[in-house]
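Q: Below is the structure I would like to discuss, written out as structure tokens.
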Amino acid sequence: MMKISVICPTYNSSKFIQTTLESILKQIRMPDELIISDDGSTDNTLDVIEDYLRSHCKKLNYKIVKNSHKGPGAARNSGIRSSTCKWIAFLDSDDIWYPNKISHIHEIMSENEDVNFICHNEIHVSKGKNKHAVDYSKKFKADRPLFEQLYISNLFSTSAVVCKKDLLINHGMFDESLMSAQDYDLWLRLAPNIRVHFVKKILGEYTIRSGNITSSSIINRFRNEIKIARKYSRSFKPQKFVIRIIIIILSYIKQLILKYIR
């Protein structure tokens with residue numbers, strides 16, 4: 001019941017995928033299955049993966065799923081459908097986990113049988129190698145509906161999420177029409193059925209990198225977030241939608257300023 005499949009989507013990830021794979025194979029407690037779901041890479045990503053896993057992966061069941069290029073949501077969905085375990089852990093191809101990630105998640109699962117969604121803290125690493133810790137539980141209020149809180153601010157990071165497979169299957173998985181922010185859209189859709197447990201420990205690192213599988217141009221991401229805000233706005237009073245739009249605009253102004261400074 002507590003077996004975990006790791007879903008790792010890749011797209012032209014040859015320069016950094018080995019580091020990600022190393023972080024999986026260094027786990028104190030190994031996951032039960034690793035699924036690499038490639039999004040139609042045009043570089044030698046698949047060769048790097050196959051060579052590395054063939055040489056180093058002796059004690060872990062793994063599967064490489066080759067897809068046509070349809071975006072990160074489609075790649076993750078393909079991986080989910082190929083998985084055989086009750087739980088799904090996501091790890092993007094340029095992020096890493098610390099060695100105690102899976103073992104600690106197993107502890108949480110065994111101590112909280114009613115939980116179906118787990119999110120741990122992580123380190124964000126920017127282009128300049130600057131690092132800062134992110135506490136995803138900081139804004140969470142247990143006495144308020146999760147859906148309402150998520151609409152104002154995303155409380156989860158994909159590479160920090162472990163959740164039950166049936167939660168994903170029963171509610172449509174990732175929206176493949178969105179080339180970015182499809183994870184945020186999914187969390188909103190799942191929110192009424194999520195029984196979340198936040199882990200205070202830092203168990204991994206998220207790399208902010210242009211050109212990775214979760215990124216697209218700032219303009220496209222901005223458009224998608226506006227689209228998502230509008231999609232779920234009917235569940236709230238108009239002023240909540242206005243607040244969300246203001247938050248999105250301010251966030252992207254900040255990103256543009258930081259990009260210009262760098």
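Ordering of the structure tokens sets the chain letters (A, B, ...), residue numbers begin anew at 1 in every chain, and ligands are numbered from 1 in the order given.
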Considering only C-alpha atoms, return as a PyMOL selection string whatever protein or nucleic-acid residues lie within 12 Å of Ile243 (chain A), sequence-local ones (same chain, fewer than 2 positions apart) excluded.

A: chain A and resi 151-153+226+229-230+233+236-241+245-250

Q: With N, CA and C atoms retained, export the selected residues as a PDB file, in the first residue's frame.

A:
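Wrote it out as part-v8.pdb, contents follow:
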ATOM      1  N   TYR A 151      -6.060  29.258  -4.416  1.00  0.00           N
ATOM      2  CA  TYR A 151      -6.437  30.212  -5.455  1.00  0.00           C
ATOM      3  C   TYR A 151      -5.648  31.518  -5.310  1.00  0.00           C
ATOM      4  N   ILE A 152      -5.392  31.900  -4.079  1.00  0.00           N
ATOM      5  CA  ILE A 152      -4.631  33.127  -3.822  1.00  0.00           C
ATOM      6  C   ILE A 152      -3.139  32.900  -3.978  1.00  0.00           C
ATOM      7  N   SER A 153      -2.652  31.718  -3.559  1.00  0.00           N
ATOM      8  CA  SER A 153      -1.211  31.465  -3.599  1.00  0.00           C
ATOM      9  C   SER A 153      -0.932  29.965  -3.693  1.00  0.00           C
ATOM     10  N   ILE A 226      -3.181  33.744 -15.789  1.00  0.00           N
ATOM     11  CA  ILE A 226      -4.415  34.533 -15.926  1.00  0.00           C
ATOM     12  C   ILE A 226      -5.562  33.617 -16.352  1.00  0.00           C
ATOM     13  N   ALA A 229      -6.643  31.585 -13.368  1.00  0.00           N
ATOM     14  CA  ALA A 229      -7.375  32.436 -12.429  1.00  0.00           C
ATOM     15  C   ALA A 229      -8.806  32.651 -12.898  1.00  0.00           C
ATOM     16  N   ARG A 230      -8.976  32.880 -14.187  1.00  0.00           N
ATOM     17  CA  ARG A 230     -10.318  33.083 -14.753  1.00  0.00           C
ATOM     18  C   ARG A 230     -11.134  31.785 -14.698  1.00  0.00           C
ATOM     19  N   SER A 233     -12.481  31.338 -11.201  1.00  0.00           N
ATOM     20  CA  SER A 233     -13.021  32.547 -10.570  1.00  0.00           C
ATOM     21  C   SER A 233     -14.498  32.434 -10.235  1.00  0.00           C
ATOM     22  N   PHE A 236     -15.715  32.059  -6.662  1.00  0.00           N
ATOM     23  CA  PHE A 236     -15.477  33.107  -5.669  1.00  0.00           C
ATOM     24  C   PHE A 236     -16.210  34.389  -6.042  1.00  0.00           C
ATOM     25  N   LYS A 237     -16.242  35.294  -5.085  1.00  0.00           N
ATOM     26  CA  LYS A 237     -16.773  36.622  -5.356  1.00  0.00           C
ATOM     27  C   LYS A 237     -15.804  37.366  -6.279  1.00  0.00           C
ATOM     28  N   PRO A 238     -16.308  38.323  -7.063  1.00  0.00           N
ATOM     29  CA  PRO A 238     -15.453  39.024  -8.047  1.00  0.00           C
ATOM     30  C   PRO A 238     -14.202  39.647  -7.452  1.00  0.00           C
ATOM     31  N   GLN A 239     -14.294  40.154  -6.219  1.00  0.00           N
ATOM     32  CA  GLN A 239     -13.123  40.802  -5.630  1.00  0.00           C
ATOM     33  C   GLN A 239     -11.969  39.826  -5.392  1.00  0.00           C
ATOM     34  N   LYS A 240     -12.295  38.546  -5.173  1.00  0.00           N
ATOM     35  CA  LYS A 240     -11.243  37.538  -5.006  1.00  0.00           C
ATOM     36  C   LYS A 240     -10.474  37.358  -6.321  1.00  0.00           C
ATOM     37  N   PHE A 241     -11.213  37.366  -7.429  1.00  0.00           N
ATOM     38  CA  PHE A 241     -10.579  37.267  -8.746  1.00  0.00           C
ATOM     39  C   PHE A 241      -9.672  38.463  -8.993  1.00  0.00           C
ATOM     40  N   ILE A 245      -5.592  38.441  -9.679  1.00  0.00           N
ATOM     41  CA  ILE A 245      -4.979  39.071 -10.851  1.00  0.00           C
ATOM     42  C   ILE A 245      -3.888  40.058 -10.418  1.00  0.00           C
ATOM     43  N   ILE A 246      -4.156  40.826  -9.393  1.00  0.00           N
ATOM     44  CA  ILE A 246      -3.160  41.781  -8.892  1.00  0.00           C
ATOM     45  C   ILE A 246      -1.912  41.049  -8.405  1.00  0.00           C
ATOM     46  N   ILE A 247      -2.120  39.945  -7.681  1.00  0.00           N
ATOM     47  CA  ILE A 247      -0.993  39.159  -7.176  1.00  0.00           C
ATOM     48  C   ILE A 247      -0.148  38.627  -8.336  1.00  0.00           C
ATOM     49  N   ILE A 248      -0.804  38.125  -9.383  1.00  0.00           N
ATOM     50  CA  ILE A 248      -0.087  37.611 -10.550  1.00  0.00           C
ATOM     51  C   ILE A 248       0.724  38.716 -11.217  1.00  0.00           C
ATOM     52  N   ILE A 249       0.109  39.868 -11.432  1.00  0.00           N
ATOM     53  CA  ILE A 249       0.789  40.983 -12.098  1.00  0.00           C
ATOM     54  C   ILE A 249       2.014  41.430 -11.302  1.00  0.00           C
ATOM     55  N   LEU A 250       1.849  41.589  -9.994  1.00  0.00           N
ATOM     56  CA  LEU A 250       2.970  42.018  -9.149  1.00  0.00           C
ATOM     57  C   LEU A 250       4.101  40.986  -9.164  1.00  0.00           C
TER      58      LEU A 250
END

Q: Using DSSP secondary structure from the backbone, list all helix (DSSP H, G or I) positions within region 48-178 of chain A, as JSON, numbers by chain.

A: {"A": [48, 49, 50, 51, 52, 53, 54, 55, 56, 72, 73, 74, 75, 76, 77, 78, 79, 80, 81, 82, 101, 102, 103, 104, 105, 106, 107, 108, 109, 110, 111, 146, 147, 148, 149, 150, 151, 152, 158, 159, 160, 165, 166, 167, 168, 169]}

Q: What lies within 12 Å of Met109 (chain A) using only C-alpha atoms, ignoring chain neighbours under 3 positions off, as a tab-separated table (two decimals) with all heavy atoms, in the first residue's frame?

A:
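Output saved as part_26.tsv:
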chain	number	residue	atom	x	y	z
A	1	MET	N	0.81	-1.22	0.00
A	1	MET	CA	0.00	0.00	0.00
A	1	MET	C	0.84	1.26	0.00
A	1	MET	O	0.40	2.32	-0.41
A	1	MET	CB	-0.93	0.00	1.22
A	1	MET	CG	-2.02	-1.04	1.16
A	1	MET	SD	-3.13	-0.80	-0.24
A	1	MET	CE	-3.93	0.72	0.23
A	2	MET	N	2.09	1.17	0.48
A	2	MET	CA	2.92	2.36	0.57
A	2	MET	C	4.04	2.36	-0.48
A	2	MET	O	5.03	3.05	-0.31
A	2	MET	CB	3.50	2.50	1.97
A	2	MET	CG	2.44	2.75	3.05
A	2	MET	SD	3.14	3.38	4.59
A	2	MET	CE	4.22	2.03	5.04
A	3	LYS	N	3.87	1.60	-1.52
A	3	LYS	CA	4.89	1.59	-2.57
A	3	LYS	C	4.83	2.89	-3.37
A	3	LYS	O	3.76	3.42	-3.64
A	3	LYS	CB	4.68	0.39	-3.49
A	3	LYS	CG	5.05	-0.94	-2.83
A	3	LYS	CD	4.97	-2.08	-3.83
A	3	LYS	CE	5.44	-3.38	-3.17
A	3	LYS	NZ	5.40	-4.51	-4.14
A	4	ILE	N	6.00	3.38	-3.75
A	4	ILE	CA	6.11	4.68	-4.42
A	4	ILE	C	6.74	4.55	-5.80
A	4	ILE	O	7.81	3.96	-5.96
A	4	ILE	CB	6.96	5.65	-3.58
A	4	ILE	CG1	6.30	5.93	-2.23
A	4	ILE	CG2	7.19	6.96	-4.33
A	4	ILE	CD1	7.13	6.79	-1.30
A	86	LYS	N	0.89	2.57	-5.64
A	86	LYS	CA	-0.25	3.33	-5.10
A	86	LYS	C	0.06	4.80	-4.92
A	86	LYS	O	-0.84	5.63	-4.88
A	86	LYS	CB	-0.67	2.73	-3.75
A	86	LYS	CG	-1.18	1.30	-3.82
A	86	LYS	CD	-2.54	1.22	-4.46
A	86	LYS	CE	-3.09	-0.20	-4.39
A	86	LYS	NZ	-4.43	-0.30	-5.00
A	87	TRP	N	1.35	5.11	-4.75
A	87	TRP	CA	1.77	6.50	-4.52
A	87	TRP	C	2.66	6.98	-5.66
A	87	TRP	O	3.44	6.20	-6.21
A	87	TRP	CB	2.51	6.62	-3.20
A	87	TRP	CG	1.64	6.51	-1.98
A	87	TRP	CD1	1.17	5.35	-1.41
A	87	TRP	CD2	1.12	7.57	-1.19
A	87	TRP	NE1	0.41	5.64	-0.31
A	87	TRP	CE2	0.35	7.00	-0.15
A	87	TRP	CE3	1.23	8.96	-1.24
A	87	TRP	CZ2	-0.29	7.76	0.82
A	87	TRP	CZ3	0.58	9.73	-0.28
A	87	TRP	CH2	-0.17	9.13	0.73
A	102	ILE	N	12.86	9.69	0.54
A	102	ILE	CA	11.90	8.58	0.48
A	102	ILE	C	11.69	7.95	1.85
A	102	ILE	O	10.56	7.63	2.24
A	102	ILE	CB	12.35	7.51	-0.54
A	102	ILE	CG1	12.36	8.10	-1.96
A	102	ILE	CG2	11.43	6.29	-0.47
A	102	ILE	CD1	11.00	8.53	-2.46
A	103	SER	N	12.75	7.80	2.61
A	103	SER	CA	12.62	7.18	3.94
A	103	SER	C	11.74	8.03	4.85
A	103	SER	O	10.90	7.51	5.59
A	103	SER	CB	13.99	6.96	4.57
A	103	SER	OG	14.67	8.19	4.77
A	104	HIS	N	11.91	9.35	4.79
A	104	HIS	CA	11.10	10.22	5.64
A	104	HIS	C	9.65	10.24	5.17
A	104	HIS	O	8.72	10.26	6.00
A	104	HIS	CB	11.67	11.63	5.66
A	104	HIS	CG	11.06	12.50	6.71
A	104	HIS	ND1	11.29	12.33	8.06
A	104	HIS	CD2	10.19	13.54	6.63
A	104	HIS	CE1	10.60	13.21	8.75
A	104	HIS	NE2	9.93	13.96	7.90
A	105	ILE	N	9.42	10.23	3.87
A	105	ILE	CA	8.07	10.20	3.35
A	105	ILE	C	7.36	8.92	3.80
A	105	ILE	O	6.17	8.93	4.14
A	105	ILE	CB	8.06	10.32	1.81
A	105	ILE	CG1	8.54	11.70	1.38
A	105	ILE	CG2	6.67	10.02	1.26
A	105	ILE	CD1	7.70	12.85	1.89
A	106	HIS	N	8.08	7.80	3.81
A	106	HIS	CA	7.49	6.55	4.29
A	106	HIS	C	7.07	6.66	5.75
A	106	HIS	O	6.02	6.13	6.14
A	106	HIS	CB	8.48	5.40	4.10
A	106	HIS	CG	8.29	4.63	2.84
A	106	HIS	ND1	7.32	3.67	2.68
A	106	HIS	CD2	8.92	4.71	1.64
A	106	HIS	CE1	7.37	3.17	1.46
A	106	HIS	NE2	8.34	3.79	0.80
A	112	ASN	N	0.34	8.55	9.21
A	112	ASN	CA	-0.83	9.36	8.84
A	112	ASN	C	-1.61	8.64	7.73
A	112	ASN	O	-1.56	9.03	6.56
A	112	ASN	CB	-0.41	10.75	8.36
A	112	ASN	CG	0.36	11.53	9.41
A	112	ASN	OD1	-0.21	12.22	10.23
A	112	ASN	ND2	1.68	11.40	9.38
A	113	GLU	N	-2.34	7.62	8.10
A	113	GLU	CA	-3.01	6.78	7.11
A	113	GLU	C	-4.12	7.49	6.36
A	113	GLU	O	-4.51	7.07	5.27
A	113	GLU	CB	-3.56	5.52	7.79
A	113	GLU	CG	-2.47	4.61	8.36
A	113	GLU	CD	-3.02	3.34	8.96
A	113	GLU	OE1	-4.27	3.16	8.90
A	113	GLU	OE2	-2.24	2.54	9.48
A	114	ASP	N	-4.65	8.57	6.92
A	114	ASP	CA	-5.73	9.29	6.26
A	114	ASP	C	-5.23	10.29	5.22
A	114	ASP	O	-6.00	10.83	4.43
A	114	ASP	CB	-6.58	10.03	7.29
A	114	ASP	CG	-5.77	11.06	8.08
A	114	ASP	OD1	-4.58	10.78	8.34
A	114	ASP	OD2	-6.31	12.12	8.43
A	115	VAL	N	-3.92	10.54	5.19
A	115	VAL	CA	-3.33	11.52	4.29
A	115	VAL	C	-3.21	10.96	2.87
A	115	VAL	O	-2.87	9.78	2.70
A	115	VAL	CB	-1.94	11.96	4.81
A	115	VAL	CG1	-1.15	12.70	3.74
A	115	VAL	CG2	-2.09	12.83	6.05
A	116	ASN	N	-3.50	11.78	1.87
A	116	ASN	CA	-3.32	11.33	0.48
A	116	ASN	C	-2.44	12.27	-0.34
A	116	ASN	O	-2.27	12.08	-1.55
A	116	ASN	CB	-4.68	11.16	-0.22
A	116	ASN	CG	-5.46	12.46	-0.33
A	116	ASN	OD1	-5.00	13.53	0.07
A	116	ASN	ND2	-6.69	12.37	-0.86
A	117	PHE	N	-1.86	13.28	0.33
A	117	PHE	CA	-1.05	14.28	-0.37
A	117	PHE	C	-0.01	14.82	0.60
A	117	PHE	O	-0.36	15.29	1.69
A	117	PHE	CB	-1.97	15.41	-0.85
A	117	PHE	CG	-1.38	16.33	-1.89
A	117	PHE	CD1	-1.69	16.17	-3.23
A	117	PHE	CD2	-0.53	17.37	-1.54
A	117	PHE	CE1	-1.17	17.04	-4.20
A	117	PHE	CE2	-0.01	18.22	-2.48
A	117	PHE	CZ	-0.33	18.06	-3.82
A	118	ILE	N	1.26	14.74	0.21
A	118	ILE	CA	2.36	15.17	1.08
A	118	ILE	C	3.23	16.17	0.33
A	118	ILE	O	3.52	15.98	-0.86
A	118	ILE	CB	3.22	13.96	1.52
A	118	ILE	CG1	2.36	12.94	2.28
A	118	ILE	CG2	4.40	14.42	2.38
A	118	ILE	CD1	3.05	11.60	2.49
A	119	CYS	N	3.64	17.24	1.02
A	119	CYS	CA	4.54	18.22	0.41
A	119	CYS	C	5.59	18.64	1.43
A	119	CYS	O	5.26	19.00	2.56
A	119	CYS	CB	3.75	19.45	-0.06
A	119	CYS	SG	4.77	20.72	-0.86
A	162	VAL	N	4.29	14.25	-3.06
A	162	VAL	CA	4.05	12.81	-3.17
A	162	VAL	C	2.56	12.63	-2.89
A	162	VAL	O	2.06	13.10	-1.87
A	162	VAL	CB	4.87	12.00	-2.14
A	162	VAL	CG1	4.62	10.51	-2.32
A	162	VAL	CG2	6.36	12.31	-2.28
A	163	CYS	N	1.84	11.96	-3.79
A	163	CYS	CA	0.40	11.82	-3.58
A	163	CYS	C	-0.09	10.47	-4.08
A	163	CYS	O	0.62	9.76	-4.81
A	163	CYS	CB	-0.36	12.95	-4.27
A	163	CYS	SG	-0.22	12.96	-6.07
A	164	LYS	N	-1.30	10.11	-3.69
A	164	LYS	CA	-1.87	8.84	-4.12
A	164	LYS	C	-2.23	8.89	-5.60
A	164	LYS	O	-2.78	9.87	-6.08
A	164	LYS	CB	-3.08	8.49	-3.27
A	164	LYS	CG	-2.73	7.98	-1.87
A	164	LYS	CD	-3.91	7.33	-1.18
A	164	LYS	CE	-3.47	6.66	0.12
A	164	LYS	NZ	-4.61	6.02	0.82
A	195	ARG	N	-6.14	15.63	1.22
A	195	ARG	CA	-5.92	15.57	2.67
A	195	ARG	C	-4.40	15.71	2.85
A	195	ARG	O	-3.67	14.73	2.76
A	195	ARG	CB	-6.45	14.27	3.26
A	195	ARG	CG	-7.95	14.08	3.04
A	195	ARG	CD	-8.51	12.87	3.75
A	195	ARG	NE	-7.90	11.64	3.32
A	195	ARG	CZ	-8.27	10.94	2.24
A	195	ARG	NH1	-9.27	11.38	1.47
A	195	ARG	NH2	-7.67	9.81	1.92
A	196	VAL	N	-3.98	16.94	3.09
A	196	VAL	CA	-2.57	17.27	2.97
A	196	VAL	C	-1.82	17.14	4.29
A	196	VAL	O	-2.37	17.36	5.37
A	196	VAL	CB	-2.39	18.71	2.42
A	196	VAL	CG1	-2.93	19.74	3.40
A	196	VAL	CG2	-0.94	18.99	2.05
A	197	HIS	N	-0.55	16.77	4.15
A	197	HIS	CA	0.39	16.81	5.28
A	197	HIS	C	1.63	17.54	4.81
A	197	HIS	O	2.28	17.12	3.84
A	197	HIS	CB	0.76	15.41	5.75
A	197	HIS	CG	1.69	15.40	6.93
A	197	HIS	ND1	1.24	15.29	8.23
A	197	HIS	CD2	3.04	15.51	7.00
A	197	HIS	CE1	2.29	15.32	9.05
A	197	HIS	NE2	3.39	15.47	8.33
A	198	PHE	N	1.96	18.64	5.48
A	198	PHE	CA	3.17	19.39	5.14
A	198	PHE	C	4.34	18.88	5.99
A	198	PHE	O	4.21	18.73	7.21
A	198	PHE	CB	2.97	20.88	5.40
A	198	PHE	CG	2.16	21.58	4.35
A	198	PHE	CD1	0.81	21.83	4.56
A	198	PHE	CD2	2.73	21.98	3.15
A	198	PHE	CE1	0.04	22.47	3.60
A	198	PHE	CE2	1.97	22.61	2.19
A	198	PHE	CZ	0.63	22.87	2.41
A	199	VAL	N	5.45	18.63	5.34
A	199	VAL	CA	6.67	18.19	6.03
A	199	VAL	C	7.58	19.40	6.20
A	199	VAL	O	7.95	20.06	5.21
A	199	VAL	CB	7.40	17.10	5.21
A	199	VAL	CG1	8.67	16.66	5.91
A	199	VAL	CG2	6.47	15.92	4.96

Q: Where in region 94-261 of chain A does DSSP assign strand (DSSP E or B), given as a ChimeraX atom specification?

A: /A:96-97,117-125,131-134,161-164,196-207

Q: I want to know what sits within 8 Å of Ile7 (chain A), based on only C-alpha atoms, with residues of the same chain fewer than 2 positions away left out; could you give that as a PyMOL selection string?

A: chain A and resi 5+9+34-37+76+79-80+88-91

Q: Expressed in Å to a single decimal, how great is the separation between CA of Gln149 (chain A) and CA of Gln255 (chain A)?

A: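 Taking CA of Gln149 (chain A) and CA of Gln255 (chain A), their separation equals 22.3 Å.
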
Q: With distances taken over only C-alpha atoms, which residue among A:Leu178, A:Ile64, A:Ala160, A:Val48 lies nearest Glu205 (chain A)?

A: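 Comparing A:Leu178, A:Ile64, A:Ala160, A:Val48 against Glu205 (chain A), the winner is A:Ala160.
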
Q: Fewer than 6 positions away in the same chain doesn't count, so skip those; otherwise give me all residues within 8 Å of Leu190 (chain A), counting only C-alpha atoms, as a PDB file with C-alpha atoms, in the first residue's frame.

A:
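This went into result-v3.pdb:
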ATOM      1  CA  LEU A 167      -6.284  10.986  -6.494  1.00  0.00           C
ATOM      2  CA  LEU A 168      -4.657  11.925  -9.813  1.00  0.00           C
ATOM      3  CA  HIS A 171      -9.582  13.925 -11.175  1.00  0.00           C
TER       4      HIS A 171
END

Q: Using only C-alpha atoms, pick whichever of A:Cys85, A:Asp94, A:Thr158, A:Asp32 has the shortest atom-to-atom distance to Gln18 (chain A).

A: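 Using only C-alpha atoms, Gln18 (chain A) sits closest to A:Asp94.
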
Q: Could you jot down the CA of Leu25 (chain A) to CA of Leu203 (chain A) separation for me, Å, one decimal place?

A: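 Computed distance, CA of Leu25 (chain A) to CA of Leu203 (chain A), equals 14.7 Å.
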
Q: Identify, on the basis of only C-alpha atoms, every residue whose closest approach to Lys66 (chain A) does not exceed 10 Å; exclude the query and any residue fewer than 2 positions from it along the same chain; express the result as a compact mmCIF listing (two decimals) with all heavy atoms, in the first residue's frame.

A:
# COMPACT_ATOMS: atom_id res chain seq x y z
N THR A 10 11.37 14.29 -18.71
CA THR A 10 12.59 14.88 -19.27
C THR A 10 12.31 15.52 -20.62
O THR A 10 11.43 15.09 -21.35
CB THR A 10 13.69 13.81 -19.45
OG1 THR A 10 13.20 12.76 -20.31
CG2 THR A 10 14.09 13.21 -18.12
N ILE A 36 11.04 7.13 -16.15
CA ILE A 36 11.50 8.28 -16.91
C ILE A 36 10.54 8.47 -18.07
O ILE A 36 10.36 7.57 -18.89
CB ILE A 36 12.92 8.07 -17.46
CG1 ILE A 36 13.90 7.69 -16.33
CG2 ILE A 36 13.39 9.31 -18.22
CD1 ILE A 36 14.15 8.78 -15.33
N SER A 37 9.89 9.62 -18.15
CA SER A 37 8.93 9.88 -19.21
C SER A 37 9.47 11.03 -20.07
O SER A 37 9.40 12.20 -19.69
CB SER A 37 7.56 10.24 -18.63
OG SER A 37 6.59 10.39 -19.64
N ASP A 38 10.02 10.67 -21.23
CA ASP A 38 10.67 11.67 -22.07
C ASP A 38 9.68 12.34 -23.02
O ASP A 38 8.88 11.69 -23.68
CB ASP A 38 11.80 11.02 -22.88
CG ASP A 38 12.60 12.07 -23.64
OD1 ASP A 38 13.33 12.84 -22.99
OD2 ASP A 38 12.46 12.13 -24.88
N ASP A 39 9.79 13.67 -23.09
CA ASP A 39 8.85 14.48 -23.86
C ASP A 39 9.40 14.78 -25.27
O ASP A 39 9.44 15.91 -25.71
CB ASP A 39 8.58 15.78 -23.10
CG ASP A 39 7.52 16.65 -23.76
OD1 ASP A 39 6.55 16.09 -24.31
OD2 ASP A 39 7.65 17.89 -23.73
N GLY A 40 9.88 13.72 -25.94
CA GLY A 40 10.36 13.89 -27.31
C GLY A 40 11.65 14.68 -27.40
O GLY A 40 11.79 15.55 -28.28
N SER A 41 12.63 14.40 -26.54
CA SER A 41 13.91 15.12 -26.56
C SER A 41 14.58 15.03 -27.92
O SER A 41 14.54 13.99 -28.59
CB SER A 41 14.85 14.56 -25.49
OG SER A 41 14.40 14.86 -24.19
N LEU A 46 18.11 10.68 -23.92
CA LEU A 46 17.77 9.27 -23.75
C LEU A 46 19.03 8.40 -23.71
O LEU A 46 19.09 7.43 -22.93
CB LEU A 46 16.84 8.81 -24.86
CG LEU A 46 15.40 9.34 -24.76
CD1 LEU A 46 14.61 8.99 -26.01
CD2 LEU A 46 14.71 8.77 -23.53
N LYS A 63 11.71 2.14 -15.78
CA LYS A 63 11.09 2.07 -17.10
C LYS A 63 11.30 3.41 -17.79
O LYS A 63 11.17 4.46 -17.17
CB LYS A 63 9.60 1.79 -16.94
CG LYS A 63 8.82 1.60 -18.23
CD LYS A 63 7.31 1.52 -17.95
CE LYS A 63 7.00 0.38 -17.00
NZ LYS A 63 5.53 0.26 -16.77
N ILE A 64 11.65 3.38 -19.06
CA ILE A 64 11.80 4.60 -19.85
C ILE A 64 10.65 4.66 -20.86
O ILE A 64 10.50 3.76 -21.70
CB ILE A 64 13.15 4.64 -20.58
CG1 ILE A 64 14.30 4.60 -19.56
CG2 ILE A 64 13.25 5.90 -21.44
CD1 ILE A 64 15.68 4.49 -20.19
N SER A 68 6.03 11.57 -27.85
CA SER A 68 6.21 12.69 -28.77
C SER A 68 6.15 13.97 -27.95
O SER A 68 5.66 14.00 -26.82
CB SER A 68 5.11 12.69 -29.84
OG SER A 68 3.82 12.72 -29.26
N HIS A 69 6.65 15.05 -28.51
CA HIS A 69 6.77 16.32 -27.76
C HIS A 69 5.40 17.00 -27.62
O HIS A 69 4.89 17.58 -28.56
CB HIS A 69 7.75 17.24 -28.48
CG HIS A 69 7.98 18.53 -27.75
ND1 HIS A 69 8.28 18.60 -26.41
CD2 HIS A 69 7.95 19.83 -28.18
CE1 HIS A 69 8.43 19.85 -26.05
NE2 HIS A 69 8.22 20.62 -27.11
N ALA A 75 3.87 14.51 -20.56
CA ALA A 75 4.94 13.59 -20.14
C ALA A 75 4.65 13.02 -18.75
O ALA A 75 4.81 11.81 -18.52
CB ALA A 75 6.28 14.30 -20.16
N SER A 78 1.75 10.50 -18.97
CA SER A 78 2.21 9.23 -19.53
C SER A 78 2.93 8.40 -18.48
O SER A 78 2.75 7.18 -18.39
CB SER A 78 3.14 9.50 -20.72
OG SER A 78 3.60 8.30 -21.29
N GLY A 79 3.73 9.07 -17.65
CA GLY A 79 4.42 8.38 -16.56
C GLY A 79 3.47 7.84 -15.52
O GLY A 79 3.62 6.71 -15.03

Q: List the spatial neighbours of Gln182 (chain A) as a ChimeraX atom specification - criterion: any atom at most 12 Å away, only C-alpha atoms, same-chain residues fewer than 4 positions off excluded.

A: /A:71-77,154,157-158,172-178,186-189,213-216,221,224-225,227-228

Q: To one decimal place in Å, what is the distance between CA of Ala133 (chain A) and CA of Thr20 (chain A)?

A: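 Calculated distance between CA of Ala133 (chain A) and CA of Thr20 (chain A) is 19.0 Å.
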